[in-house]
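Down below is the structure, laid out as structure tokens.
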Amino acid sequence: MGSLVSIVIPTFNDDPEHLDQAIRSALSQTYSNIEVLVIDDGSPTPVQPRDNVRLLRQQNGGVSAARNAAIAAAHGDFIQLLDGDDWLDPQAVEEGMGILADPRVLVAYPKLELFGTRGGAVPLRGETTLDHLMVNTSFPGTAMFRTAAWRDVGGYDESLRLGYEDWEFWVRLLRDGGIAREMPTARLHYRMRDGSRSAQDPVAARSATLEAILRNNPEHLGQFLRASWRMIGQQEAMLAAKTAQLAVWERRTAPFRWLRQRARGLARSRGWLRGK
């Protein structure tokens, strides 16, 4: 049957229809050995029980606290996260389990498909390391990992309530050389809406997360600095390549630009082009 996977769905004031859609996608996974936990983070209108779902409740403490509480109560050896207004393709857990069979891989994440106020596929890295996380979070917070790994790094930082809390958590998971890998086909269908936490003040959210990354990893600061320099070097190399391509383009188009200027001059002298 395989190891038990706990699908954890934190929710706060989500539209009941959206939450039902998230729960249906969790219960429809092709991987059969699952449990689904919904944790109500103090919604003004309490979430109602659903069939085949473990419902937990807590006073409002933010998504990090809700995730930690639900994972602590989960029975599975693996955790698949899912927010209460998004949904997953049915093969997500099965593909995640296949990826996590590789002990080097600590996180399996789905492809990202936006819908709602904005839509379309978002290209992600096929594989992510600490170096990539020094620039930004490289994959969605809805991902799959081992429960033991969550326990080893101390769970989510509950002081982060503005957004990007998953970024700080991924840094701690991958800081000692772990890999995060994209699922082959499974997609997270991510609902875009106005008023999300990080969209309200993205600068403050990023700043708070960066401070937490430094605060929570004092023994890894040298490692973070080296990773940042490596990424800066890669970005500089990419910029140099683009600059070289631009120079080639300018050389190749120089005759056409000269011809255009001559044509404009001729048109102006004949009175065919005025005021330009």
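Just remember, in the structure tokens the first chain shown is A, the second B, etc., residues are 1-based per chain, and ligands are 1-based in the order shown.
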| Residue contacts of A:Asn216 (9 Å, only C-alpha atoms) excluding same-chain residues fewer than 2 positions away, as a VMD selection string | chain A and resid 157 168 172 211 to 214 218 to 219
| Spatial neighbours of A:Ser159, 10 Å, only C-alpha atoms, chain gap at least 6 places, as a list in words |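 Once the nearby chain positions are removed, what remains is Gly61, Gly62, Ser64, Ala65, Glu165, Ala208, Thr209 and Ala212 of chain A.
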Deliver the residues from the most recent selection as a file, using C-alpha atoms, as a tab-separated table (two decimals), in the first residue's frame.
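Output saved as selection-v6.tsv:
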chain	number	residue	atom	x	y	z
A	61	GLY	CA	-2.41	32.21	14.65
A	62	GLY	CA	-1.51	32.53	10.98
A	64	SER	CA	2.57	28.90	9.78
A	65	ALA	CA	0.99	28.09	13.14
A	165	GLU	CA	6.83	31.88	5.26
A	208	ALA	CA	10.58	40.03	7.35
A	209	THR	CA	11.35	36.72	5.66
A	212	ALA	CA	14.02	35.36	9.66
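Atom CA of A:Glu94 lies 11.7 Å from atom CA of A:Ala26.
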| task | For A:Ala22, list every protein, DNA or RNA residue within 9 Å, evaluated using only C-alpha atoms, and leave out those in the same chain fewer than 3 positions away; present the list as a list in words. | result |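 Counting only C-alpha atoms, the residues come to Ile9, Glu17, His18, Leu19, Ser25, Ala26, Leu27, Leu82, Asp83, Gly84, Asp85, Asp86, Trp87 and Leu88 of chain A.
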| request: Determine which residues of stretch 65-194 of chain A DSSP labels as alpha helix (DSSP H) from the backbone of this structure, then write them out as number ranges by chain. | output: A: 65-73, 92-100, 130-133, 147-153, 165-174
Please produce an output containing C-alpha atoms for each residue in the selection, written as an mmCIF file, in the first residue's frame.
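Output file result_28.cif is given in full below:
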data_model
loop_
_atom_site.group_PDB
_atom_site.id
_atom_site.type_symbol
_atom_site.label_atom_id
_atom_site.label_comp_id
_atom_site.auth_asym_id
_atom_site.auth_seq_id
_atom_site.Cartn_x
_atom_site.Cartn_y
_atom_site.Cartn_z
ATOM 1 C CA ALA A 65 0.986 28.086 13.138
ATOM 2 C CA ALA A 66 -1.885 26.287 11.400
ATOM 3 C CA ARG A 67 0.472 24.173 9.315
ATOM 4 C CA ASN A 68 2.589 23.310 12.339
ATOM 5 C CA ALA A 69 -0.436 22.283 14.402
ATOM 6 C CA ALA A 70 -1.867 20.116 11.636
ATOM 7 C CA ILE A 71 1.452 18.449 10.817
ATOM 8 C CA ALA A 72 2.009 17.731 14.515
ATOM 9 C CA ALA A 73 -1.395 16.006 14.597
ATOM 10 C CA ALA A 92 0.205 14.886 -7.422
ATOM 11 C CA VAL A 93 0.780 12.690 -4.364
ATOM 12 C CA GLU A 94 1.680 9.663 -6.476
ATOM 13 C CA GLU A 95 4.270 11.657 -8.426
ATOM 14 C CA GLY A 96 5.574 13.228 -5.221
ATOM 15 C CA MET A 97 6.108 9.835 -3.646
ATOM 16 C CA GLY A 98 8.039 8.725 -6.704
ATOM 17 C CA ILE A 99 10.320 11.756 -6.452
ATOM 18 C CA LEU A 100 10.859 11.429 -2.694
ATOM 19 C CA LEU A 130 19.909 26.448 -1.768
ATOM 20 C CA ASP A 131 21.671 28.666 -4.325
ATOM 21 C CA HIS A 132 18.394 29.340 -6.125
ATOM 22 C CA LEU A 133 16.612 30.106 -2.852
ATOM 23 C CA THR A 147 7.372 14.636 8.246
ATOM 24 C CA ALA A 148 10.741 13.836 9.826
ATOM 25 C CA ALA A 149 12.390 16.648 7.828
ATOM 26 C CA TRP A 150 9.806 19.147 9.110
ATOM 27 C CA ARG A 151 10.528 17.966 12.640
ATOM 28 C CA ASP A 152 14.309 18.122 12.184
ATOM 29 C CA VAL A 153 14.316 21.810 11.181
ATOM 30 C CA GLU A 165 6.827 31.880 5.258
ATOM 31 C CA ASP A 166 7.330 28.886 2.981
ATOM 32 C CA TRP A 167 10.489 30.507 1.527
ATOM 33 C CA GLU A 168 12.147 30.623 4.940
ATOM 34 C CA PHE A 169 11.089 27.026 5.623
ATOM 35 C CA TRP A 170 12.496 25.782 2.297
ATOM 36 C CA VAL A 171 15.839 27.454 3.062
ATOM 37 C CA ARG A 172 16.120 25.524 6.317
ATOM 38 C CA LEU A 173 15.151 22.276 4.590
ATOM 39 C CA LEU A 174 17.722 22.660 1.805
#
| request: Determine, counting only C-alpha atoms, which protein, DNA and RNA residues have an atom within 6 Å of an atom of A:Gln80; residues of the same chain fewer than 2 positions away are not included. Present the result as a list in words. | output: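 So the residues in contact are Ile7, Ala143 and Met144 of chain A.
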| message | Taking 3 positions as the minimum chain separation for residues in the same chain, which residues sit within 10 Å of A:Asp41 when counting only C-alpha atoms? Answer as a PyMOL selection string. | response | chain A and resi 10-13+38+44+46-47+56-63+65-67+69
| task | Going by DSSP on the backbone, which bits of stretch 12-249 of chain A are strand (DSSP E)? Write them as a PyMOL selection string, please. | result | chain A and resi 34-41+54-58+78-81+87-88+105-116+120-122+127-128+144-146+179-192
